[in-house]
file model02.cif (mmCIF, C-alpha atoms, pLDDT in the B column; chains and numbers go by the auth columns)
data_entry
#
loop_
_atom_site.group_PDB
_atom_site.id
_atom_site.type_symbol
_atom_site.label_atom_id
_atom_site.label_comp_id
_atom_site.label_asym_id
_atom_site.label_seq_id
_atom_site.Cartn_x
_atom_site.Cartn_y
_atom_site.Cartn_z
_atom_site.B_iso_or_equiv
_atom_site.auth_seq_id
_atom_site.auth_asym_id
ATOM 1 C CA MET A 1 234.371 11.021 -115.123 70.00 1 A
ATOM 2 C CA ASP A 2 230.583 10.838 -114.768 91.00 2 A
ATOM 3 C CA VAL A 3 228.248 11.435 -117.703 93.00 3 A
ATOM 4 C CA ASN A 4 227.249 14.981 -116.754 89.00 4 A
ATOM 5 C CA SER A 5 230.910 15.959 -116.443 93.00 5 A
ATOM 6 C CA MET A 6 231.543 14.474 -119.881 93.00 6 A
ATOM 7 C CA LEU A 7 228.667 16.498 -121.319 95.00 7 A
ATOM 8 C CA GLU A 8 230.071 19.665 -119.749 94.00 8 A
ATOM 9 C CA SER A 9 233.601 18.982 -121.023 93.00 9 A
ATOM 10 C CA THR A 10 235.087 20.582 -124.136 91.00 10 A
ATOM 11 C CA GLN A 11 237.525 17.714 -124.679 89.00 11 A
ATOM 12 C CA ALA A 12 237.325 16.540 -128.288 86.00 12 A
ATOM 13 C CA SER A 13 235.715 13.334 -129.494 86.00 13 A
ATOM 14 C CA ARG A 14 233.946 11.666 -126.625 91.00 14 A
ATOM 15 C CA LEU A 15 231.237 9.117 -127.343 96.00 15 A
ATOM 16 C CA ILE A 16 228.706 8.464 -124.571 97.00 16 A
ATOM 17 C CA ILE A 17 226.880 5.168 -125.050 98.00 17 A
ATOM 18 C CA GLU A 18 224.192 4.085 -122.588 98.00 18 A
ATOM 19 C CA THR A 19 222.190 0.878 -122.847 97.00 19 A
ATOM 20 C CA ARG A 20 218.745 0.851 -121.283 98.00 20 A
ATOM 21 C CA LYS A 21 215.772 -1.508 -121.358 97.00 21 A
ATOM 22 C CA ARG A 22 214.409 -0.610 -124.783 97.00 22 A
ATOM 23 C CA VAL A 23 216.481 -1.225 -127.901 96.00 23 A
ATOM 24 C CA ASP A 24 213.605 -0.772 -130.360 97.00 24 A
ATOM 25 C CA LEU A 25 213.908 2.993 -129.764 98.00 25 A
ATOM 26 C CA VAL A 26 217.266 4.768 -129.812 98.00 26 A
ATOM 27 C CA VAL A 27 218.039 8.419 -129.062 98.00 27 A
ATOM 28 C CA GLY A 28 221.025 9.835 -130.930 98.00 28 A
ATOM 29 C CA VAL A 29 222.793 13.178 -130.473 98.00 29 A
ATOM 30 C CA PRO A 30 225.521 13.599 -133.106 98.00 30 A
ATOM 31 C CA HIS A 31 226.667 17.215 -132.579 97.00 31 A
ATOM 32 C CA HIS A 32 226.677 17.909 -128.835 97.00 32 A
ATOM 33 C CA ALA A 33 228.893 20.505 -127.208 96.00 33 A
ATOM 34 C CA PRO A 34 228.325 22.307 -123.908 96.00 34 A
ATOM 35 C CA ALA A 35 226.696 25.736 -123.931 96.00 35 A
ATOM 36 C CA GLY A 36 229.329 28.348 -124.692 94.00 36 A
ATOM 37 C CA THR A 37 231.049 26.086 -127.250 94.00 37 A
ATOM 38 C CA PRO A 38 229.313 27.032 -130.508 93.00 38 A
ATOM 39 C CA TYR A 39 231.693 25.219 -132.861 93.00 39 A
ATOM 40 C CA LEU A 40 232.861 21.638 -133.246 94.00 40 A
ATOM 41 C CA PRO A 41 236.466 20.680 -134.049 93.00 41 A
ATOM 42 C CA CYS A 42 235.120 19.353 -137.339 88.00 42 A
ATOM 43 C CA ALA A 43 235.546 20.851 -140.793 80.00 43 A
ATOM 44 C CA GLU A 44 232.401 19.199 -142.153 80.00 44 A
ATOM 45 C CA HIS A 45 229.976 20.542 -139.548 74.00 45 A
ATOM 46 C CA SER A 46 231.517 23.487 -137.759 86.00 46 A
ATOM 47 C CA ASP A 47 228.443 24.579 -135.765 91.00 47 A
ATOM 48 C CA SER A 48 227.720 22.603 -132.620 95.00 48 A
ATOM 49 C CA ASP A 49 224.262 21.842 -131.251 96.00 49 A
ATOM 50 C CA GLU A 50 224.885 23.299 -127.808 97.00 50 A
ATOM 51 C CA ASN A 51 223.461 21.340 -124.845 97.00 51 A
ATOM 52 C CA THR A 52 221.618 18.796 -126.995 98.00 52 A
ATOM 53 C CA GLY A 53 223.349 15.965 -125.151 98.00 53 A
ATOM 54 C CA PHE A 54 221.611 16.896 -121.890 98.00 54 A
ATOM 55 C CA VAL A 55 218.254 17.041 -123.656 98.00 55 A
ATOM 56 C CA GLY A 56 218.773 13.776 -125.513 98.00 56 A
ATOM 57 C CA ARG A 57 219.882 11.939 -122.396 98.00 57 A
ATOM 58 C CA HIS A 58 216.823 13.159 -120.473 98.00 58 A
ATOM 59 C CA LEU A 59 214.618 11.943 -123.320 98.00 59 A
ATOM 60 C CA ALA A 60 216.295 8.522 -123.331 98.00 60 A
ATOM 61 C CA ASP A 61 215.825 8.239 -119.569 98.00 61 A
ATOM 62 C CA ARG A 62 212.117 8.990 -119.925 98.00 62 A
ATOM 63 C CA LEU A 63 211.777 6.420 -122.705 98.00 63 A
ATOM 64 C CA ASP A 64 214.091 3.938 -120.925 98.00 64 A
ATOM 65 C CA CYS A 65 215.818 3.413 -124.265 98.00 65 A
ATOM 66 C CA CYS A 66 219.396 3.189 -125.510 98.00 66 A
ATOM 67 C CA SER A 67 221.208 6.400 -126.363 98.00 67 A
ATOM 68 C CA ILE A 68 224.404 7.598 -127.995 98.00 68 A
ATOM 69 C CA ILE A 69 225.856 11.112 -127.755 98.00 69 A
ATOM 70 C CA ALA A 70 228.804 12.326 -129.825 97.00 70 A
ATOM 71 C CA CYS A 71 230.522 15.138 -127.918 97.00 71 A
ATOM 72 C CA ASN A 72 232.797 17.729 -129.549 95.00 72 A
ATOM 73 C CA THR A 73 233.251 15.358 -132.453 94.00 73 A
ATOM 74 C CA THR A 74 235.977 15.755 -135.072 93.00 74 A
ATOM 75 C CA ILE A 75 233.777 14.226 -137.791 92.00 75 A
ATOM 76 C CA ASP A 76 230.191 14.822 -138.831 94.00 76 A
ATOM 77 C CA ALA A 77 229.048 11.624 -137.157 94.00 77 A
ATOM 78 C CA ASN A 78 225.600 11.204 -138.699 95.00 78 A
ATOM 79 C CA LYS A 79 226.813 11.830 -142.242 94.00 79 A
ATOM 80 C CA HIS A 80 229.007 8.700 -142.324 94.00 80 A
ATOM 81 C CA LEU A 81 227.707 5.133 -142.236 94.00 81 A
ATOM 82 C CA ASN A 82 231.100 3.925 -140.968 94.00 82 A
ATOM 83 C CA SER A 83 231.360 6.341 -138.037 96.00 83 A
ATOM 84 C CA ASP A 84 231.414 4.841 -134.536 97.00 84 A
ATOM 85 C CA TYR A 85 228.179 6.757 -133.884 98.00 85 A
ATOM 86 C CA THR A 86 226.248 5.294 -136.828 98.00 86 A
ATOM 87 C CA MET A 87 227.651 1.786 -136.479 98.00 87 A
ATOM 88 C CA ARG A 88 226.636 1.621 -132.811 98.00 88 A
ATOM 89 C CA ILE A 89 223.084 2.620 -133.705 98.00 89 A
ATOM 90 C CA ALA A 90 223.024 -0.116 -136.338 98.00 90 A
ATOM 91 C CA GLN A 91 224.185 -2.693 -133.779 98.00 91 A
ATOM 92 C CA TRP A 92 221.104 -1.995 -131.668 98.00 92 A
ATOM 93 C CA ARG A 93 218.904 -2.573 -134.748 98.00 93 A
ATOM 94 C CA PRO A 94 216.193 -0.126 -133.637 98.00 94 A
ATOM 95 C CA GLY A 95 212.829 0.299 -135.265 98.00 95 A
ATOM 96 C CA VAL A 96 212.874 4.027 -134.492 98.00 96 A
ATOM 97 C CA LEU A 97 215.742 6.501 -134.190 98.00 97 A
ATOM 98 C CA ILE A 98 215.145 9.896 -132.565 98.00 98 A
ATOM 99 C CA GLU A 99 217.969 12.313 -133.334 98.00 99 A
ATOM 100 C CA ILE A 100 218.223 15.570 -131.361 98.00 100 A
ATOM 101 C CA HIS A 101 219.710 18.687 -132.982 98.00 101 A
ATOM 102 C CA GLY A 102 219.797 22.412 -132.324 96.00 102 A
ATOM 103 C CA HIS A 103 219.137 25.460 -134.503 94.00 103 A
ATOM 104 C CA GLY A 104 219.568 29.160 -133.843 85.00 104 A
ATOM 105 C CA LYS A 105 216.011 30.342 -134.651 77.00 105 A
ATOM 106 C CA VAL A 106 217.413 32.280 -137.600 74.00 106 A
ATOM 107 C CA ARG A 107 216.621 30.119 -140.635 79.00 107 A
ATOM 108 C CA SER A 108 213.503 28.580 -139.122 87.00 108 A
ATOM 109 C CA ARG A 109 210.440 30.345 -137.746 90.00 109 A
ATOM 110 C CA HIS A 110 209.596 27.334 -135.560 95.00 110 A
ATOM 111 C CA ASP A 111 210.979 26.441 -132.143 96.00 111 A
ATOM 112 C CA VAL A 112 210.815 22.763 -133.062 97.00 112 A
ATOM 113 C CA GLU A 113 211.146 21.234 -136.505 98.00 113 A
ATOM 114 C CA ILE A 114 210.604 17.515 -137.098 98.00 114 A
ATOM 115 C CA SER A 115 211.599 15.730 -140.296 98.00 115 A
ATOM 116 C CA CYS A 116 211.770 12.089 -141.300 98.00 116 A
ATOM 117 C CA GLY A 117 214.101 12.930 -144.171 98.00 117 A
ATOM 118 C CA SER A 118 211.733 13.150 -147.126 98.00 118 A
ATOM 119 C CA ALA A 119 208.300 14.355 -148.206 98.00 119 A
ATOM 120 C CA GLU A 120 207.283 10.715 -148.527 97.00 120 A
ATOM 121 C CA PHE A 121 207.412 10.328 -144.733 98.00 121 A
ATOM 122 C CA THR A 122 205.842 13.648 -143.777 98.00 122 A
ATOM 123 C CA THR A 123 202.819 11.840 -142.329 98.00 123 A
ATOM 124 C CA TYR A 124 205.040 10.426 -139.559 98.00 124 A
ATOM 125 C CA SER A 125 206.642 13.752 -138.674 98.00 125 A
ATOM 126 C CA GLU A 126 203.323 15.607 -138.841 98.00 126 A
ATOM 127 C CA ASP A 127 201.658 13.004 -136.613 98.00 127 A
ATOM 128 C CA LEU A 128 204.435 13.307 -134.019 98.00 128 A
ATOM 129 C CA ALA A 129 204.192 17.116 -134.071 98.00 129 A
ATOM 130 C CA THR A 130 200.414 16.878 -133.609 98.00 130 A
ATOM 131 C CA ALA A 131 200.854 14.514 -130.654 98.00 131 A
ATOM 132 C CA ILE A 132 203.397 16.844 -129.019 98.00 132 A
ATOM 133 C CA ASN A 133 201.104 19.840 -129.491 97.00 133 A
ATOM 134 C CA ARG A 134 198.229 17.927 -127.947 97.00 134 A
ATOM 135 C CA LYS A 135 200.329 16.864 -124.932 96.00 135 A
ATOM 136 C CA ARG A 136 201.548 20.378 -124.133 95.00 136 A
ATOM 137 C CA ALA A 137 198.359 22.267 -125.061 94.00 137 A
ATOM 138 C CA ALA A 138 197.278 22.852 -121.446 93.00 138 A
ATOM 139 C CA ASP A 139 200.703 24.122 -120.347 96.00 139 A
ATOM 140 C CA PRO A 140 200.751 27.959 -120.525 96.00 140 A
ATOM 141 C CA ALA A 141 204.564 27.983 -120.601 95.00 141 A
ATOM 142 C CA PHE A 142 204.368 26.535 -124.114 96.00 142 A
ATOM 143 C CA ALA A 143 201.704 28.868 -125.485 94.00 143 A
ATOM 144 C CA ASP A 144 204.163 30.549 -127.861 94.00 144 A
ATOM 145 C CA VAL A 145 206.313 27.476 -128.631 96.00 145 A
ATOM 146 C CA SER A 146 205.793 26.390 -132.232 96.00 146 A
ATOM 147 C CA VAL A 147 206.210 22.758 -133.290 98.00 147 A
ATOM 148 C CA CYS A 148 206.084 21.853 -136.987 98.00 148 A
ATOM 149 C CA GLY A 149 206.443 18.490 -138.709 98.00 149 A
ATOM 150 C CA ARG A 150 205.156 19.342 -142.179 98.00 150 A
ATOM 151 C CA PHE A 151 208.002 18.665 -144.619 98.00 151 A
ATOM 152 C CA SER A 152 207.073 21.534 -146.935 97.00 152 A
ATOM 153 C CA ASP A 153 207.048 24.061 -144.079 97.00 153 A
ATOM 154 C CA ILE A 154 210.356 23.305 -142.353 97.00 154 A
ATOM 155 C CA TYR A 155 213.874 24.453 -143.166 95.00 155 A
ATOM 156 C CA PHE A 156 215.916 21.589 -141.698 96.00 156 A
ATOM 157 C CA LYS A 157 214.691 18.736 -143.892 97.00 157 A
ATOM 158 C CA ALA A 158 217.646 16.335 -143.290 97.00 158 A
ATOM 159 C CA THR A 159 217.432 14.916 -146.797 97.00 159 A
ATOM 160 C CA LYS A 160 221.204 14.299 -146.902 95.00 160 A
ATOM 161 C CA THR A 161 221.588 13.005 -143.345 97.00 161 A
ATOM 162 C CA LEU A 162 222.459 9.323 -143.660 97.00 162 A
ATOM 163 C CA THR A 163 221.195 8.274 -140.235 98.00 163 A
ATOM 164 C CA ILE A 164 217.812 9.846 -141.049 98.00 164 A
ATOM 165 C CA THR A 165 217.391 8.493 -144.582 98.00 165 A
ATOM 166 C CA ASP A 166 218.645 5.001 -143.666 97.00 166 A
ATOM 167 C CA THR A 167 215.918 2.475 -144.530 97.00 167 A
ATOM 168 C CA ARG A 168 216.835 0.164 -141.644 97.00 168 A
ATOM 169 C CA TRP A 169 214.750 2.286 -139.271 98.00 169 A
ATOM 170 C CA LEU A 170 212.247 5.129 -139.135 98.00 170 A
ATOM 171 C CA ALA A 171 214.098 8.256 -138.056 98.00 171 A
ATOM 172 C CA TYR A 172 212.946 11.561 -136.587 98.00 172 A
ATOM 173 C CA HIS A 173 215.293 14.513 -137.044 98.00 173 A
ATOM 174 C CA ILE A 174 214.285 16.962 -134.301 98.00 174 A
ATOM 175 C CA GLU A 175 215.667 20.503 -134.314 98.00 175 A
ATOM 176 C CA LEU A 176 215.321 22.557 -131.130 98.00 176 A
ATOM 177 C CA SER A 177 215.667 26.321 -130.829 96.00 177 A
ATOM 178 C CA PRO A 178 217.953 27.800 -128.131 95.00 178 A
ATOM 179 C CA ARG A 179 215.129 28.288 -125.614 94.00 179 A
ATOM 180 C CA LEU A 180 214.578 24.509 -125.525 96.00 180 A
ATOM 181 C CA ARG A 181 218.202 23.539 -124.873 96.00 181 A
ATOM 182 C CA LYS A 182 220.332 26.463 -123.639 94.00 182 A
ATOM 183 C CA PRO A 183 220.453 28.411 -120.355 93.00 183 A
ATOM 184 C CA GLU A 184 218.062 31.331 -120.044 84.00 184 A
ATOM 185 C CA ARG A 185 220.819 33.810 -119.209 78.00 185 A
ATOM 186 C CA GLY A 186 224.540 33.736 -119.861 71.00 186 A
ATOM 187 C CA ARG A 187 226.667 31.818 -122.327 81.00 187 A
ATOM 188 C CA THR A 188 227.240 28.682 -120.279 86.00 188 A
ATOM 189 C CA GLY A 189 225.117 26.419 -118.153 91.00 189 A
ATOM 190 C CA LEU A 190 222.553 23.634 -118.278 94.00 190 A
ATOM 191 C CA PRO A 191 219.245 23.645 -120.176 96.00 191 A
ATOM 192 C CA THR A 192 216.283 25.312 -118.510 94.00 192 A
ATOM 193 C CA ALA A 193 213.369 23.492 -116.895 95.00 193 A
ATOM 194 C CA LEU A 194 211.360 24.349 -120.016 95.00 194 A
ATOM 195 C CA ALA A 195 213.720 22.219 -122.114 96.00 195 A
ATOM 196 C CA TYR A 196 213.279 19.194 -119.890 97.00 196 A
ATOM 197 C CA ARG A 197 209.500 19.671 -119.777 97.00 197 A
ATOM 198 C CA PHE A 198 209.429 19.710 -123.558 97.00 198 A
ATOM 199 C CA CYS A 199 211.314 16.403 -123.483 97.00 199 A
ATOM 200 C CA ASP A 200 208.614 14.976 -121.243 97.00 200 A
ATOM 201 C CA TYR A 201 205.951 15.920 -123.791 98.00 201 A
ATOM 202 C CA LEU A 202 208.074 14.550 -126.620 98.00 202 A
ATOM 203 C CA ALA A 203 208.565 11.271 -124.734 98.00 203 A
ATOM 204 C CA ALA A 204 204.824 10.956 -124.109 98.00 204 A
ATOM 205 C CA ALA A 205 204.105 11.606 -127.791 98.00 205 A
ATOM 206 C CA LEU A 206 206.656 8.988 -128.875 98.00 206 A
ATOM 207 C CA VAL A 207 205.145 6.406 -126.534 98.00 207 A
ATOM 208 C CA GLU A 208 201.715 7.220 -127.956 97.00 208 A
ATOM 209 C CA LYS A 209 202.963 6.685 -131.519 96.00 209 A
ATOM 210 C CA HIS A 210 205.378 3.800 -130.984 96.00 210 A
ATOM 211 C CA GLY A 211 204.368 2.107 -127.752 87.00 211 A
#
call {"tool": "encode", "arguments": {"input": "model02.cif", "output": "structure tokens"}}
result
Amino acid sequence: MDVNSMLESTQASRLIIETRKRVDLVVGVPHHAPAGTPYLPCAEHSDSDENTGFVGRHLADRLDCCSIIACNTTIDANKHLNSDYTMRIAQWRPGVLIEIHGHGKVRSRHDVEISCGSAEFTTYSEDLATAINRKRAADPAFADVSVCGRFSDIYFKATKTLTITDTRWLAYHIELSPRLRKPERGRTGLPTALAYRFCDYLAAALVEKHG
């Protein structure tokens, strides 16, 4: 089964690991399920982050970096240091982890929230948000897309997410609203072109900040 078919599958507990040129950056997606599958078979984290695997994989391709996607997982992969997901990230020994998540635009007023796991590291998340906003400023399709990295102003702070608070790397916890990961119409389908274009701006901002 090819990777896209795996990302579209609802079969439980698949782990997609792809090694690319860069190991200093790693893209992680711990809660992927295809659009139309809003829940994971996991008691700890019942809501899925629909279509985030497609977005994360596109980002990793643009960065030419290693990636790991947990699909329809039966455990909350990024909340356990001994999960296959977390241990594989540790084996790469990255300097920077970029973790892609999804929110429903209910608890947050922003389309994109970026956290590094604590107020102490808000400078990093704010700088990345500023770089993204600068990259997409001339694109009218993103005129009403809000990106926030200020720790005090975001809802999804990731203070208890072990892969984000791990001191072995700097981690960005990036939450995307439905418009940046789900199909424009209907319950199922791939992300829109807007989602992939956002990834391009995010990739450019990450290269600006981390080389």
call {"tool": "resolve_selection", "arguments": {"input": "model02.cif", "expression": "the PyMOL selection byres ((chain A and resi 40-56) around 6)", "output": "PDB file with C-alpha atoms, keeping the file's coordinate frame"}}
result
ATOM      1  CA  HIS A  31     226.667  17.215-132.579  1.00 97.00           C
ATOM      2  CA  HIS A  32     226.677  17.909-128.835  1.00 97.00           C
ATOM      3  CA  ALA A  33     228.893  20.505-127.208  1.00 96.00           C
ATOM      4  CA  PRO A  34     228.325  22.307-123.908  1.00 96.00           C
ATOM      5  CA  ALA A  35     226.696  25.736-123.931  1.00 96.00           C
ATOM      6  CA  PRO A  38     229.313  27.032-130.508  1.00 93.00           C
ATOM      7  CA  TYR A  39     231.693  25.219-132.861  1.00 93.00           C
ATOM      8  CA  ARG A  57     219.882  11.939-122.396  1.00 98.00           C
ATOM      9  CA  HIS A  58     216.823  13.159-120.473  1.00 98.00           C
ATOM     10  CA  LEU A  59     214.618  11.943-123.320  1.00 98.00           C
ATOM     11  CA  ASN A  72     232.797  17.729-129.549  1.00 95.00           C
ATOM     12  CA  THR A  74     235.977  15.755-135.072  1.00 93.00           C
ATOM     13  CA  ILE A  75     233.777  14.226-137.791  1.00 92.00           C
ATOM     14  CA  ASP A  76     230.191  14.822-138.831  1.00 94.00           C
ATOM     15  CA  HIS A 101     219.710  18.687-132.982  1.00 98.00           C
ATOM     16  CA  GLY A 102     219.797  22.412-132.324  1.00 96.00           C
ATOM     17  CA  ARG A 181     218.202  23.539-124.873  1.00 96.00           C
TER      18      ARG A 181
END
call {"tool": "resolve_selection", "arguments": {"input": "model02.cif", "expression": "the PyMOL selection byres ((chain A and resi 174) around 12)", "output": "PyMOL selection string"}}
result
chain A and resi 27-30+49+52+55-56+97-103+110-117+125-126+128-129+147-149+154-158+164+171-173+175-177+180+199+202
call {"tool": "resolve_selection", "arguments": {"input": "model02.cif", "expression": "the PyMOL selection byres ((chain A and resi 21) around 12)", "output": "list in words"}}
result
Glu18, Thr19, Arg20, Arg22, Val23, Asp24, Leu25, Val26, Ala60, Asp61, Arg62, Leu63, Asp64, Cys65, Cys66, Ser67 and Trp92 of chain A
call {"tool": "closest_residue", "arguments": {"input": "model02.cif", "among": "A:Arg107, A:Arg93, A:Arg88, A:Arg150", "to": "Trp169 (chain A)", "atoms": "all atoms listed in the file"}}
result
A:Arg93
call {"tool": "closest_residue", "arguments": {"input": "model02.cif", "among": "A:Val145, A:Ala119, A:Leu190, A:Ile89", "to": "Leu7 (chain A)", "atoms": "only C-alpha atoms"}}
result
A:Leu190
call {"tool": "atom_distance", "arguments": {"input": "model02.cif", "atom1": "CA of Ala131 (chain A)", "atom2": "CA of Leu162 (chain A)"}}
result
25.7 Å
call {"tool": "closest_residue", "arguments": {"input": "model02.cif", "among": "A:Ile17, A:Lys182, A:Tyr201, A:Glu8", "to": "Ala137 (chain A)", "atoms": "only C-alpha atoms"}}
result
A:Tyr201
call {"tool": "closest_residue", "arguments": {"input": "model02.cif", "among": "A:Lys79, A:Arg168, A:Arg109, A:Arg179", "to": "Phe198 (chain A)", "atoms": "only C-alpha atoms"}}
result
A:Arg179
call {"tool": "residues_around", "arguments": {"input": "model02.cif", "residues": "Met6 (chain A)", "least_positions_apart": "6", "cutoff": "9 Å", "atoms": "all atoms listed in the file", "output": "ChimeraX atom specification"}}
result
/A:14,16,71
call {"tool": "write_last_selection", "arguments": {"input": "model02.cif", "atoms": "C-alpha atoms", "output": "compact mmCIF listing (two decimals), in the coordinates of the input"}}
result
# COMPACT_ATOMS: atom_id res chain seq x y z
CA ARG A 14 233.95 11.67 -126.62
CA ILE A 16 228.71 8.46 -124.57
CA CYS A 71 230.52 15.14 -127.92
call {"tool": "atom_distance", "arguments": {"input": "model02.cif", "atom1": "CA of Thr161 (chain A)", "atom2": "CA of Asn78 (chain A)"}}
result
6.4 Å
call {"tool": "closest_residue", "arguments": {"input": "model02.cif", "among": "A:Val3, A:Ser118, A:Ser13, A:Thr123", "to": "Lys160 (chain A)", "atoms": "only C-alpha atoms"}}
result
A:Ser118
call {"tool": "atom_distance", "arguments": {"input": "model02.cif", "atom1": "CA of Gly95 (chain A)", "atom2": "CA of Asp2 (chain A)"}}
result
29.1 Å
call {"tool": "closest_residue", "arguments": {"input": "model02.cif", "among": "A:Leu15, A:Val96, A:Ala204, A:Ala141", "to": "Asp84 (chain A)", "atoms": "all atoms listed in the file"}}
result
A:Leu15
